[in-house]
file protein35.cif (mmCIF, C-alpha atoms)
data_my_file
loop_
_atom_site.label_atom_id
_atom_site.label_comp_id
_atom_site.auth_asym_id
_atom_site.auth_seq_id
_atom_site.Cartn_x
_atom_site.Cartn_y
_atom_site.Cartn_z
CA MET V 1 -21.58 7.03 14.01
CA THR V 2 -20.68 5.27 17.28
CA ARG V 3 -17.21 3.85 17.93
CA ARG V 4 -18.66 0.34 17.95
CA HIS V 5 -20.27 0.90 14.52
CA ARG V 6 -17.05 2.36 13.11
CA ASP V 7 -14.97 -0.60 14.32
CA LEU V 8 -17.47 -3.06 12.91
CA SER V 9 -17.31 -1.36 9.52
CA ARG V 10 -13.53 -1.63 9.47
CA ARG V 11 -13.53 -5.31 10.42
CA GLU V 12 -16.04 -6.03 7.69
CA ALA V 13 -14.07 -4.02 5.15
CA ILE V 14 -10.89 -5.92 5.96
CA ALA V 15 -12.64 -9.27 5.70
CA LEU V 16 -14.87 -8.71 2.73
CA LEU V 17 -13.48 -5.96 0.48
CA GLY V 18 -11.64 -8.37 -1.77
CA ALA V 19 -14.73 -10.51 -2.25
CA ALA V 20 -16.74 -7.47 -3.36
CA ALA V 21 -19.36 -8.23 -0.73
CA LEU V 22 -21.94 -5.75 0.48
CA THR V 23 -19.62 -4.22 3.04
CA PRO V 24 -20.48 -1.15 5.13
CA LEU V 25 -18.01 1.63 4.35
CA VAL V 26 -16.69 4.46 6.49
CA ARG V 27 -17.55 7.85 4.99
CA SER V 28 -14.94 10.57 5.34
CA ALA V 29 -14.51 14.08 3.98
CA ARG V 30 -11.21 14.95 2.32
CA ARG V 31 -9.57 18.23 1.54
CA GLY V 32 -8.64 19.17 -2.02
CA PHE V 33 -10.43 20.49 -5.02
CA ALA V 34 -13.92 19.06 -5.03
CA PRO V 35 -15.98 17.94 -8.01
CA ASP V 36 -19.23 19.78 -8.56
CA SER V 37 -22.12 19.62 -10.96
CA SER V 38 -21.04 22.73 -12.86
CA GLY V 39 -17.62 21.44 -13.98
CA PRO V 40 -15.80 18.26 -14.92
CA GLY V 41 -14.52 17.68 -11.38
CA PHE V 42 -11.04 16.65 -12.50
CA ARG V 43 -7.97 18.10 -14.13
CA ILE V 44 -6.35 17.04 -17.35
CA ARG V 45 -2.82 16.22 -16.22
CA THR V 46 -1.54 15.99 -19.78
CA ILE V 47 -2.42 16.26 -23.42
CA THR V 48 0.24 14.17 -25.13
CA VAL V 49 0.92 14.14 -28.86
CA GLY V 50 2.88 11.23 -30.28
CA THR V 51 5.03 11.89 -33.32
CA ASN V 52 7.98 10.50 -35.28
CA LEU V 53 11.38 12.12 -35.84
CA ARG V 54 13.66 11.23 -38.75
CA SER V 55 16.64 12.00 -36.51
CA PRO V 56 17.33 13.73 -33.18
CA SER V 57 17.90 16.99 -35.07
CA ASP V 58 14.56 16.76 -36.93
CA THR V 59 12.66 19.66 -35.34
CA ALA V 60 9.76 19.96 -37.79
CA PRO V 61 7.59 17.22 -36.19
CA VAL V 62 8.19 18.75 -32.75
CA GLU V 63 7.13 22.18 -34.00
CA ALA V 64 4.00 20.72 -35.59
CA ALA V 65 3.21 18.80 -32.40
CA LEU V 66 3.59 21.96 -30.31
CA ALA V 67 1.18 23.84 -32.59
CA SER V 68 -1.30 20.97 -32.33
CA LEU V 69 -0.99 20.87 -28.55
CA LYS V 70 -1.61 24.61 -28.27
CA ARG V 71 -4.79 24.26 -30.32
CA ALA V 72 -5.99 21.30 -28.26
CA GLN V 73 -5.23 23.15 -25.05
CA ARG V 74 -7.31 26.13 -26.16
CA VAL V 75 -10.25 23.93 -27.13
CA LEU V 76 -10.24 22.02 -23.86
CA THR V 77 -9.71 25.13 -21.75
CA ASP V 78 -12.59 26.88 -23.52
CA ALA V 79 -14.74 23.84 -22.72
CA GLY V 80 -14.05 24.30 -19.01
CA TYR V 81 -11.19 21.86 -18.45
CA GLU V 82 -8.02 22.76 -16.57
CA VAL V 83 -5.04 21.52 -18.60
CA GLN V 84 -1.93 21.21 -16.47
CA THR V 85 0.70 20.22 -19.06
CA ILE V 86 1.22 19.62 -22.77
CA ARG V 87 3.66 16.92 -23.81
CA ILE V 88 5.29 15.31 -26.84
CA ALA V 89 6.34 11.67 -27.07
CA THR V 90 8.55 10.44 -29.91
CA GLN V 91 9.34 6.99 -31.20
CA PRO V 92 12.31 5.41 -29.34
CA PHE V 93 14.81 6.40 -32.01
CA LEU V 94 17.83 5.80 -29.74
CA GLU V 95 16.85 2.38 -28.45
CA GLU V 96 18.84 0.48 -31.07
CA ALA V 97 21.56 3.13 -31.49
CA GLY V 98 25.19 2.34 -30.83
CA ARG V 99 27.08 4.14 -28.10
CA GLY V 100 28.67 6.50 -30.63
CA ALA V 101 25.34 7.50 -32.14
CA ARG V 102 23.88 7.95 -28.68
CA ALA V 103 26.72 10.24 -27.67
CA ASP V 104 26.42 12.22 -30.90
CA ALA V 105 22.70 12.79 -30.23
CA VAL V 106 23.18 14.67 -26.95
CA ALA V 107 23.57 18.12 -28.51
CA ALA V 108 20.44 17.66 -30.64
CA LEU V 109 18.48 16.41 -27.62
CA GLN V 110 19.57 19.46 -25.65
CA ALA V 111 18.28 21.65 -28.48
CA LEU V 112 14.94 19.81 -28.51
CA ASP V 113 14.71 20.28 -24.76
CA ARG V 114 15.29 24.02 -25.10
CA ALA V 115 12.56 24.18 -27.74
CA VAL V 116 9.93 22.52 -25.54
CA VAL V 117 10.99 24.45 -22.44
CA ALA V 118 10.42 27.69 -24.37
CA GLU V 119 6.86 26.54 -25.10
CA HIS V 120 6.21 25.30 -21.54
CA ALA V 121 5.96 21.73 -22.82
CA LEU V 122 7.55 18.38 -21.94
CA LEU V 123 9.27 15.83 -24.18
CA SER V 124 9.82 12.09 -23.84
CA ILE V 125 12.02 10.04 -26.17
CA GLY V 126 11.05 6.72 -24.57
CA PRO V 127 13.48 3.79 -24.25
CA ALA V 128 17.02 4.95 -24.95
CA LEU V 129 18.69 1.55 -24.64
CA ALA V 130 17.65 -1.80 -26.11
CA PRO V 131 16.47 -4.36 -23.53
CA ASP V 132 19.59 -6.44 -24.10
CA GLY V 133 21.82 -3.51 -25.03
CA ASP V 134 25.35 -3.77 -23.71
CA ASP V 135 26.67 -0.24 -23.33
CA PRO V 136 28.95 0.36 -20.32
CA GLU V 137 28.82 4.08 -21.09
CA PHE V 138 25.04 4.30 -20.76
CA PRO V 139 24.89 5.34 -17.06
CA ALA V 140 27.29 8.24 -17.67
CA TRP V 141 25.36 9.19 -20.83
CA ALA V 142 22.06 9.11 -18.94
CA ALA V 143 23.48 11.27 -16.15
CA GLU V 144 24.81 13.83 -18.62
CA LEU V 145 21.49 13.99 -20.46
CA ALA V 146 19.55 14.43 -17.22
CA ARG V 147 21.99 17.07 -15.98
CA THR V 148 21.90 19.18 -19.15
CA THR V 149 18.16 19.10 -19.88
CA ARG V 150 15.11 20.32 -17.97
CA ASN V 151 11.98 18.83 -19.54
CA LEU V 152 13.24 15.71 -21.33
CA SER V 153 12.31 12.22 -20.09
CA PHE V 154 13.62 8.81 -21.10
CA THR V 155 13.66 5.19 -19.94
CA VAL V 156 15.33 1.81 -20.14
CA ARG V 157 13.10 -1.07 -21.16
CA VAL V 158 13.56 -3.85 -18.58
CA ALA V 159 10.89 -6.21 -19.87
CA SER V 160 10.21 -6.25 -23.59
CA LEU V 161 6.95 -6.52 -25.47
CA ASP V 162 7.44 -10.26 -25.93
CA ARG V 163 6.96 -10.43 -22.15
CA THR V 164 10.52 -11.44 -21.22
CA ALA V 165 12.57 -9.70 -18.54
CA SER V 166 15.94 -8.22 -19.45
CA PRO V 167 18.83 -8.74 -16.99
CA ARG V 168 21.05 -6.30 -18.89
CA GLY V 169 18.32 -3.68 -18.95
CA VAL V 170 17.71 -4.11 -15.22
CA THR V 171 21.41 -3.61 -14.48
CA ALA V 172 21.71 -0.59 -16.78
CA ALA V 173 18.66 1.06 -15.21
CA GLY V 174 19.98 0.66 -11.67
CA GLU V 175 23.39 2.02 -12.61
CA ALA V 176 21.81 4.95 -14.46
CA MET V 177 19.70 5.89 -11.43
CA VAL V 178 22.81 6.05 -9.24
CA ALA V 179 24.68 8.13 -11.82
CA ILE V 180 21.74 10.53 -12.31
CA ALA V 181 21.34 11.01 -8.54
CA ARG V 182 25.00 12.00 -8.27
CA ALA V 183 24.90 14.31 -11.28
CA THR V 184 21.75 16.34 -10.57
CA ALA V 185 20.97 18.64 -7.65
CA GLY V 186 19.05 16.76 -4.98
CA GLY V 187 18.86 13.76 -7.31
CA ILE V 188 16.01 15.49 -9.15
CA GLY V 189 17.01 14.00 -12.51
CA ASN V 190 15.50 10.67 -11.51
CA PHE V 191 12.10 12.33 -11.68
CA ARG V 192 12.53 12.16 -15.48
CA PHE V 193 13.96 8.63 -15.77
CA ALA V 194 12.42 5.22 -15.17
CA ALA V 195 12.80 1.52 -15.78
CA ALA V 196 9.85 0.47 -17.95
CA ALA V 197 8.41 -3.05 -18.03
CA ASN V 198 5.98 -3.88 -20.83
CA VAL V 199 4.75 -0.30 -21.03
CA PRO V 200 2.91 0.09 -24.36
CA ALA V 201 3.36 2.86 -26.88
CA GLY V 202 0.77 5.61 -26.61
CA THR V 203 1.00 6.00 -22.83
CA PRO V 204 0.50 9.73 -22.17
CA PHE V 205 2.18 9.79 -18.75
CA PHE V 206 5.87 10.58 -18.32
CA PRO V 207 8.61 9.52 -17.99
CA VAL V 208 7.58 6.27 -19.71
CA ALA V 209 5.74 7.75 -22.70
CA TYR V 210 6.84 6.87 -26.23
CA HIS V 211 5.20 6.69 -29.63
CA HIS V 212 4.66 4.16 -32.41
CA GLY V 213 2.77 4.47 -35.70
CA SER V 214 0.94 7.44 -37.14
CA ASP V 215 0.76 10.73 -35.23
CA ALA V 216 -1.72 10.54 -32.36
CA VAL V 217 -3.09 12.38 -29.34
CA ALA V 218 -4.00 11.00 -25.91
CA VAL V 219 -4.80 12.46 -22.51
CA GLY V 220 -4.04 11.59 -18.91
CA LEU V 221 -6.04 12.64 -15.86
CA GLU V 222 -5.69 13.98 -12.33
CA SER V 223 -8.96 12.73 -10.86
CA PRO V 224 -8.70 11.44 -7.23
CA PRO V 225 -11.42 13.87 -6.00
CA LEU V 226 -13.94 12.09 -8.24
CA LEU V 227 -13.07 8.84 -6.49
CA SER V 228 -13.38 10.35 -3.02
CA ALA V 229 -16.73 11.92 -3.91
CA ALA V 230 -18.11 8.63 -5.23
CA PHE V 231 -16.99 6.71 -2.16
CA ALA V 232 -18.22 9.31 0.32
CA GLY V 233 -21.81 8.77 -0.86
CA ALA V 234 -21.75 4.98 -0.75
CA ASN V 235 -22.77 2.57 1.99
CA THR V 236 -21.46 -0.69 0.49
CA LEU V 237 -18.52 -1.74 -1.62
CA ALA V 238 -20.80 -2.71 -4.48
CA GLU V 239 -22.48 0.68 -4.35
CA ALA V 240 -19.09 2.44 -4.22
CA LYS V 241 -17.93 0.67 -7.37
CA GLN V 242 -21.22 1.36 -9.15
CA ARG V 243 -21.10 5.03 -8.19
CA LEU V 244 -17.49 5.35 -9.29
CA THR V 245 -18.25 3.72 -12.63
CA ALA V 246 -21.21 6.01 -13.22
CA VAL V 247 -19.32 9.15 -12.19
CA LEU V 248 -16.27 8.42 -14.33
CA GLU V 249 -18.23 7.42 -17.42
CA SER V 250 -20.51 10.43 -17.19
CA ARG V 251 -17.57 12.83 -16.76
CA LEU V 252 -15.20 11.19 -19.26
CA GLY V 253 -17.71 10.70 -22.06
CA PRO V 254 -17.85 14.40 -22.99
CA LEU V 255 -14.07 14.67 -22.76
CA GLU V 256 -13.60 11.71 -25.07
CA ARG V 257 -15.97 13.15 -27.67
CA LEU V 258 -14.14 16.49 -27.56
CA VAL V 259 -10.65 14.99 -27.86
CA ARG V 260 -11.79 12.76 -30.71
CA GLN V 261 -13.02 15.88 -32.50
CA VAL V 262 -9.72 17.68 -31.85
CA ALA V 263 -7.74 14.71 -33.15
CA ARG V 264 -9.87 14.43 -36.28
CA GLN V 265 -9.54 18.12 -37.09
CA ASP V 266 -5.78 17.90 -36.62
CA GLU V 267 -5.55 14.71 -38.70
CA ARG V 268 -4.12 12.71 -35.84
CA ALA V 269 -5.27 9.39 -34.47
CA TYR V 270 -7.14 9.38 -31.17
CA GLY V 271 -5.12 7.27 -28.73
CA GLY V 272 -7.54 7.31 -25.82
CA ILE V 273 -7.60 8.35 -22.16
CA ASP V 274 -5.25 6.96 -19.54
CA VAL V 275 -7.84 6.85 -16.78
CA SER V 276 -5.25 6.39 -14.03
CA PRO V 277 -6.22 8.88 -11.28
CA ALA V 278 -2.82 10.58 -11.03
CA PRO V 279 -2.59 12.51 -7.76
CA GLY V 280 -1.42 16.00 -6.93
CA LYS V 281 -0.71 17.93 -3.76
CA ASP V 282 -4.40 18.81 -3.33
CA ALA V 283 -5.78 15.71 -5.06
CA SER V 284 -4.65 12.67 -3.09
CA ILE V 285 -5.18 9.12 -4.27
CA GLY V 286 -4.18 8.01 -0.79
CA ALA V 287 -7.13 9.97 0.59
CA ALA V 288 -9.43 8.34 -1.98
CA VAL V 289 -8.32 4.84 -0.97
CA GLU V 290 -8.84 5.75 2.67
CA ALA V 291 -12.32 7.05 1.85
CA LEU V 292 -13.10 3.60 0.47
CA THR V 293 -11.53 1.45 3.20
CA GLY V 294 -12.05 3.69 6.22
CA VAL V 295 -8.52 2.98 7.48
CA PRO V 296 -5.13 4.67 6.97
CA PHE V 297 -3.37 3.74 3.75
CA GLY V 298 -1.10 0.76 4.38
CA SER V 299 -3.48 -0.87 6.87
CA PRO V 300 -5.10 -4.24 6.15
CA SER V 301 -7.70 -3.82 3.36
CA THR V 302 -5.49 -1.37 1.45
CA LEU V 303 -4.63 -4.05 -1.12
CA ALA V 304 -8.30 -4.94 -1.51
CA GLY V 305 -9.24 -1.28 -1.87
CA CYS V 306 -6.62 -0.80 -4.60
CA ALA V 307 -7.95 -3.86 -6.39
CA ALA V 308 -11.55 -2.60 -6.22
CA ILE V 309 -10.62 0.75 -7.74
CA THR V 310 -8.58 -0.93 -10.48
CA ASP V 311 -11.53 -3.18 -11.32
CA VAL V 312 -13.58 -0.07 -12.10
CA LEU V 313 -10.83 1.62 -14.10
CA LYS V 314 -10.40 -1.47 -16.26
CA SER V 315 -14.13 -1.72 -17.02
CA LEU V 316 -14.95 1.82 -18.14
CA ARG V 317 -16.76 2.26 -21.46
CA VAL V 318 -14.29 4.73 -22.94
CA LYS V 319 -11.22 4.08 -25.06
CA THR V 320 -8.39 3.69 -22.59
CA CYS V 321 -4.64 3.64 -23.09
CA GLY V 322 -1.42 3.41 -21.11
CA TYR V 323 -1.54 2.15 -17.54
CA SER V 324 -5.23 2.89 -16.86
CA GLY V 325 -4.67 1.66 -13.34
CA LEU V 326 -4.03 3.01 -9.87
CA MET V 327 -0.95 5.24 -9.46
CA LEU V 328 0.77 5.41 -6.07
CA PRO V 329 3.60 7.98 -6.48
CA VAL V 330 4.78 8.48 -2.91
CA LEU V 331 6.50 11.86 -3.32
CA GLU V 332 3.64 13.37 -5.33
CA ASP V 333 0.88 12.57 -2.84
CA PRO V 334 0.77 14.16 0.64
CA VAL V 335 -1.30 11.37 2.19
CA LEU V 336 0.94 8.62 0.81
CA ALA V 337 4.00 10.56 1.98
CA ARG V 338 2.47 11.00 5.45
CA ARG V 339 1.60 7.31 5.76
CA ALA V 340 5.10 6.35 4.60
CA SER V 341 6.55 8.68 7.24
CA GLU V 342 4.33 6.97 9.82
CA GLY V 343 5.81 3.62 8.79
CA ARG V 344 2.48 2.23 7.61
CA PHE V 345 3.85 0.65 4.42
CA SER V 346 7.19 -0.38 2.97
CA VAL V 347 8.70 -0.58 -0.49
CA ARG V 348 7.86 -4.30 -0.55
CA GLU V 349 4.21 -3.52 0.24
CA LEU V 350 4.15 -0.94 -2.57
CA LEU V 351 5.32 -3.69 -4.89
CA LEU V 352 2.52 -5.90 -3.55
CA TYR V 353 -0.05 -3.17 -4.24
CA SER V 354 1.26 -2.85 -7.80
CA SER V 355 0.18 -6.44 -8.42
CA VAL V 356 -3.44 -5.25 -8.41
CA CYS V 357 -3.08 -1.68 -9.62
CA GLY V 358 -1.05 0.52 -11.91
CA THR V 359 2.44 1.78 -12.19
CA GLY V 360 4.77 -0.21 -9.97
CA LEU V 361 7.26 1.67 -7.78
CA ASP V 362 6.75 5.35 -8.51
CA VAL V 363 8.77 8.26 -7.08
CA VAL V 364 9.82 6.23 -4.06
CA PRO V 365 12.35 8.09 -1.84
CA LEU V 366 15.39 5.90 -1.12
CA PRO V 367 18.70 6.47 0.67
CA GLY V 368 21.20 8.39 -1.42
CA ASP V 369 23.89 5.76 -0.96
CA THR V 370 21.76 2.85 -2.17
CA PRO V 371 24.06 0.78 -4.41
CA ALA V 372 23.17 0.10 -8.03
CA ASP V 373 22.87 -3.65 -7.49
CA GLN V 374 20.24 -3.13 -4.79
CA LEU V 375 18.27 -0.86 -7.13
CA ALA V 376 18.63 -3.47 -9.86
CA ALA V 377 17.21 -6.11 -7.51
CA LEU V 378 14.10 -3.97 -6.93
CA ILE V 379 13.77 -3.29 -10.65
CA ALA V 380 14.11 -7.01 -11.36
CA ASP V 381 11.15 -7.68 -9.06
CA VAL V 382 9.08 -5.09 -10.92
CA ALA V 383 10.05 -6.67 -14.25
CA ALA V 384 9.23 -10.16 -12.99
CA LEU V 385 5.83 -9.05 -11.70
CA SER V 386 5.08 -7.30 -14.97
CA THR V 387 6.06 -10.37 -16.98
CA LYS V 388 4.10 -12.78 -14.80
CA LEU V 389 0.94 -10.67 -14.69
CA ARG V 390 1.23 -9.41 -18.28
CA LYS V 391 0.72 -5.79 -17.30
CA PRO V 392 2.65 -2.52 -17.69
CA LEU V 393 4.73 -1.52 -14.68
CA SER V 394 7.66 0.79 -14.10
CA ALA V 395 10.19 1.74 -11.45
CA ARG V 396 10.99 5.41 -10.81
CA LEU V 397 13.27 5.22 -7.79
CA PHE V 398 14.26 8.55 -6.25
CA LEU V 399 17.62 8.46 -4.50
CA VAL V 400 17.92 11.36 -2.02
CA PRO V 401 21.60 12.37 -1.76
CA GLY V 402 22.88 12.74 1.79
CA LYS V 403 19.84 11.11 3.37
CA ALA V 404 19.60 7.73 5.11
CA ALA V 405 16.57 5.56 5.69
CA GLY V 406 14.31 7.07 8.34
CA GLU V 407 15.46 10.65 7.77
CA MET V 408 13.07 13.29 6.47
CA ALA V 409 13.66 14.51 2.92
CA HIS V 410 12.60 18.07 2.12
CA PHE V 411 11.97 19.24 -1.44
CA ASP V 412 11.87 22.74 -2.85
CA ASP V 413 9.76 21.60 -5.76
CA PRO V 414 6.11 22.36 -6.58
CA TYR V 415 5.38 18.74 -7.49
CA LEU V 416 7.10 16.89 -4.64
CA THR V 417 6.09 16.63 -1.02
CA ASP V 418 8.32 16.07 2.02
CA CYS V 419 8.60 12.47 3.09
CA VAL V 420 10.69 10.11 5.16
CA VAL V 421 13.33 8.18 3.20
CA MET V 422 12.26 4.56 2.89
CA LYS V 423 14.40 1.44 3.18
CA ALA V 424 15.34 -0.04 -0.18
CA GLU V 425 14.64 -3.59 0.96
#
call {"tool": "encode", "arguments": {"input": "protein35.cif", "output": "structure tokens"}}
result
Amino acid sequence: MTRRHRDLSRREAIALLGAAALTPLVRSARRGFAPDSSGPGFRIRTITVGTNLRSPSDTAPVEAALASLKRAQRVLTDAGYEVQTIRIATQPFLEEAGRGARADAVAALQALDRAVVAEHALLSIGPALAPDGDDPEFPAWAAELARTTRNLSFTVRVASLDRTASPRGVTAAGEAMVAIARATAGGIGNFRFAAAANVPAGTPFFPVAYHHGSDAVAVGLESPPLLSAAFAGANTLAEAKQRLTAVLESRLGPLERLVRQVARQDERAYGGIDVSPAPGKDASIGAAVEALTGVPFGSPSTLAGCAAITDVLKSLRVKTCGYSGLMLPVLEDPVLARRASEGRFSVRELLLYSSVCGTGLDVVPLPGDTPADQLAALIADVAALSTKLRKPLSARLFLVPGKAAGEMAHFDDPYLTDCVVMKAE
């Protein structure tokens, strides 16, 4: 391809992507695990079982859920799928609790955490404070829970299911993030805490997962290589979307039939597939977006590319659940982290992208001294966008202690990638 042809393709992509016109696309090869005809071409990020506890000390449902997850994991692994994690989500039994009951539950929650850690599983208790809950002790409680557990996630609901934003919830979430960053080494506890806006029950992804109703099972995916493969073989935007639809439906259909069978045999409801293409260190969603647009992530046409992918995800003929949109977790994706370090997008632009895609502000590295009111202002914007657009969004803001905006943050963690600290404005 000549330079003139490549530049023309980019101009056309920028001008016409959003209109879904027949736009020439730039083809590019990306590193990572590649889909092939002999396997599914994606990983199962999580099998998540939703269950109900009578109290925080009620371990029987957790034990039953763990047994169910082990069986499901064996079935899916035997069928050729790589299962990365197994997870349990409970009903939000602490959301309406008073501060005394919440404090009394800590020991039982620590015991539940030890139980799932021993089985290499994760646990989410969902919203732990009512949207309009007024508990000045909540930030300290949240920090203590994050400090004394390893695999337990929880949230604050900042926009409720009746689509109204919660000023008290926004404030509590910001204060909790500051407290958790101070209480946990490297601020790592904020990986397991988020502000959730209109996130529905049955979402399999953490930390926002929670359960409602009869016991159920759902799955979440790590599938960016499927997107890159579909885009690499396309010459127009329309063809790229058609190819992506065909690839995802052909690959997800067999998975859905198998999980439905597993759920039926275990007498659990089938919740669906969260088709969000969650990224990993060798499975970049940033690379997939760049394969579609032909330009570095954050350049003009990035918003249109995100919208095009989301259009496909929302139209798939499988039962979907949760976000089922585009995830852009900066610290979990090496291409996103690299583009952030190059200054190609800001926190405000991430919020703009979330208007047409999935999760909101996810694992965004911020200065360690960011005040709670500034975090609350960002969370309020996420809640407002969620309420206005009637879509699930969340804010998982990662304060990096000792680091200022523009400095490089390094992580000794298998799931996080090094990245420049971004401005919280």
call {"tool": "closest_atom_pairs", "arguments": {"input": "protein35.cif", "of": "region 197-264 of chain V", "to": "region 393-409 of chain V", "cutoff": "12 Å", "atoms": "all atoms listed in the file", "output": "tab-separated table"}}
result
residue	atom	partner	partner_atom	distance
V:Ala197	CA	V:Leu393	CA	5.2
V:Asn198	CA	V:Leu393	CA	6.7
V:Val199	CA	V:Leu393	CA	6.5
V:Pro200	CA	V:Leu393	CA	10.0
V:Thr203	CA	V:Leu393	CA	11.7
V:Phe205	CA	V:Ser394	CA	11.5
V:Phe206	CA	V:Arg396	CA	10.5
V:Pro207	CA	V:Arg396	CA	8.6
V:Val208	CA	V:Ser394	CA	7.8
V:Ala209	CA	V:Ser394	CA	11.2
call {"tool": "write_last_selection", "arguments": {"input": "protein35.cif", "atoms": "C-alpha atoms", "output": "PDB file, in the frame of the given file"}}
result
ATOM      1  CA  ALA V 197       8.410  -3.050 -18.030  1.00  0.00           C
ATOM      2  CA  ASN V 198       5.980  -3.880 -20.830  1.00  0.00           C
ATOM      3  CA  VAL V 199       4.750  -0.300 -21.030  1.00  0.00           C
ATOM      4  CA  PRO V 200       2.910   0.090 -24.360  1.00  0.00           C
ATOM      5  CA  THR V 203       1.000   6.000 -22.830  1.00  0.00           C
ATOM      6  CA  PHE V 205       2.180   9.790 -18.750  1.00  0.00           C
ATOM      7  CA  PHE V 206       5.870  10.580 -18.320  1.00  0.00           C
ATOM      8  CA  PRO V 207       8.610   9.520 -17.990  1.00  0.00           C
ATOM      9  CA  VAL V 208       7.580   6.270 -19.710  1.00  0.00           C
ATOM     10  CA  ALA V 209       5.740   7.750 -22.700  1.00  0.00           C
TER      11      ALA V 209
END
call {"tool": "atom_distance", "arguments": {"input": "protein35.cif", "atom1": "CA of Cys306 (chain V)", "atom2": "CA of Leu350 (chain V)"}}
result
11.0 Å
call {"tool": "closest_residue", "arguments": {"input": "protein35.cif", "among": "V:Pro225, V:Gly80, V:Gly220, V:Gly360", "to": "Pro254 (chain V)", "atoms": "all atoms listed in the file"}}
result
V:Gly80
call {"tool": "resolve_selection", "arguments": {"input": "protein35.cif", "expression": "the PyMOL selection byres ((chain V and resi 319) around 6)", "output": "list in words"}}
result
Gly272, Val318 and Thr320 of chain V
call {"tool": "atom_distance", "arguments": {"input": "protein35.cif", "atom1": "CA of Ala380 (chain V)", "atom2": "CA of Gly343 (chain V)"}}
result
24.2 Å
call {"tool": "closest_residue", "arguments": {"input": "protein35.cif", "among": "V:Arg182, V:Arg251, V:Arg147, V:Lys423", "to": "Arg348 (chain V)", "atoms": "all atoms listed in the file"}}
result
V:Lys423
call {"tool": "resolve_selection", "arguments": {"input": "protein35.cif", "expression": "the PyMOL selection byres ((chain V and resi 58) around 12)", "output": "JSON, numbers by chain"}}
result
{"V": [51, 52, 53, 54, 55, 56, 57, 59, 60, 61, 62, 63, 64, 90, 93, 105, 108, 109, 111, 112, 115]}
call {"tool": "atom_distance", "arguments": {"input": "protein35.cif", "atom1": "CA of Ser355 (chain V)", "atom2": "CA of Thr85 (chain V)"}}
result
28.7 Å
call {"tool": "resolve_selection", "arguments": {"input": "protein35.cif", "expression": "the PyMOL selection byres ((chain V and resi 119-135) around 7)", "output": "PyMOL selection string"}}
result
chain V and resi 85-92+94-96+99+115-118+136-138+151-160+166+168-169+206-210
call {"tool": "closest_residue", "arguments": {"input": "protein35.cif", "among": "V:Ala246, V:Leu336, V:Leu255, V:Ile47", "to": "Leu227 (chain V)", "atoms": "only C-alpha atoms"}}
result
V:Ala246
call {"tool": "residues_near_point", "arguments": {"input": "protein35.cif", "point": "(0.7, 14.7, -11.0)", "cutoff": "9 Å", "atoms": "all atoms listed in the file", "output": "count of residues only"}}
result
13
call {"tool": "axis_aligned_box", "arguments": {"input": "protein35.cif", "around": "region 259-263 of chain V", "padding_each_side": "3 Å", "output": "lines of an AutoDock Vina configuration file"}}
result
center_x = -10.4
center_y = 15.2
center_z = -30.5
size_x = 11.3
size_y = 10.9
size_z = 11.3
call {"tool": "closest_residue", "arguments": {"input": "protein35.cif", "among": "V:Ala195, V:Leu252, V:Ile188, V:Val382", "to": "Ala176 (chain V)", "atoms": "only C-alpha atoms"}}
result
V:Ala195
call {"tool": "residues_near_point", "arguments": {"input": "protein35.cif", "point": "(26.0, 8.8, -15.8)", "cutoff": "6 Å", "atoms": "only C-alpha atoms", "output": "ChimeraX atom specification"}}
result
/V:139-144,176,179-180
call {"tool": "closest_residue", "arguments": {"input": "protein35.cif", "among": "V:Phe231, V:Phe191, V:Tyr270, V:Tyr323", "to": "Arg257 (chain V)", "atoms": "only C-alpha atoms"}}
result
V:Tyr270
call {"tool": "residues_around", "arguments": {"input": "protein35.cif", "residues": "Gly298 (chain V)", "least_positions_apart": "5", "cutoff": "8 Å", "atoms": "only C-alpha atoms", "output": "list in words"}}
result
Arg339, Arg344, Phe345 and Glu349 of chain V
call {"tool": "write_last_selection", "arguments": {"input": "protein35.cif", "atoms": "C-alpha atoms", "output": "PDB file, keeping the file's coordinate frame"}}
result
ATOM      1  CA  ARG V 339       1.600   7.310   5.760  1.00  0.00           C
ATOM      2  CA  ARG V 344       2.480   2.230   7.610  1.00  0.00           C
ATOM      3  CA  PHE V 345       3.850   0.650   4.420  1.00  0.00           C
ATOM      4  CA  GLU V 349       4.210  -3.520   0.240  1.00  0.00           C
TER       5      GLU V 349
END
call {"tool": "closest_residue", "arguments": {"input": "protein35.cif", "among": "V:Asp266, V:Asp311, V:Glu342, V:Asp104", "to": "Ala72 (chain V)", "atoms": "all atoms listed in the file"}}
result
V:Asp266
call {"tool": "residues_around", "arguments": {"input": "protein35.cif", "residues": "Val219 (chain V)", "least_positions_apart": "6", "cutoff": "7 Å", "atoms": "all atoms listed in the file", "output": "mmCIF file with C-alpha atoms, in the coordinates of the input"}}
result
data_model
loop_
_atom_site.group_PDB
_atom_site.id
_atom_site.type_symbol
_atom_site.label_atom_id
_atom_site.label_comp_id
_atom_site.auth_asym_id
_atom_site.auth_seq_id
_atom_site.Cartn_x
_atom_site.Cartn_y
_atom_site.Cartn_z
ATOM 1 C CA THR V 46 -1.540 15.990 -19.780
ATOM 2 C CA ILE V 47 -2.420 16.260 -23.420
ATOM 3 C CA THR V 48 0.240 14.170 -25.130
ATOM 4 C CA PRO V 204 0.500 9.730 -22.170
ATOM 5 C CA GLY V 272 -7.540 7.310 -25.820
ATOM 6 C CA ILE V 273 -7.600 8.350 -22.160
ATOM 7 C CA ASP V 274 -5.250 6.960 -19.540
#
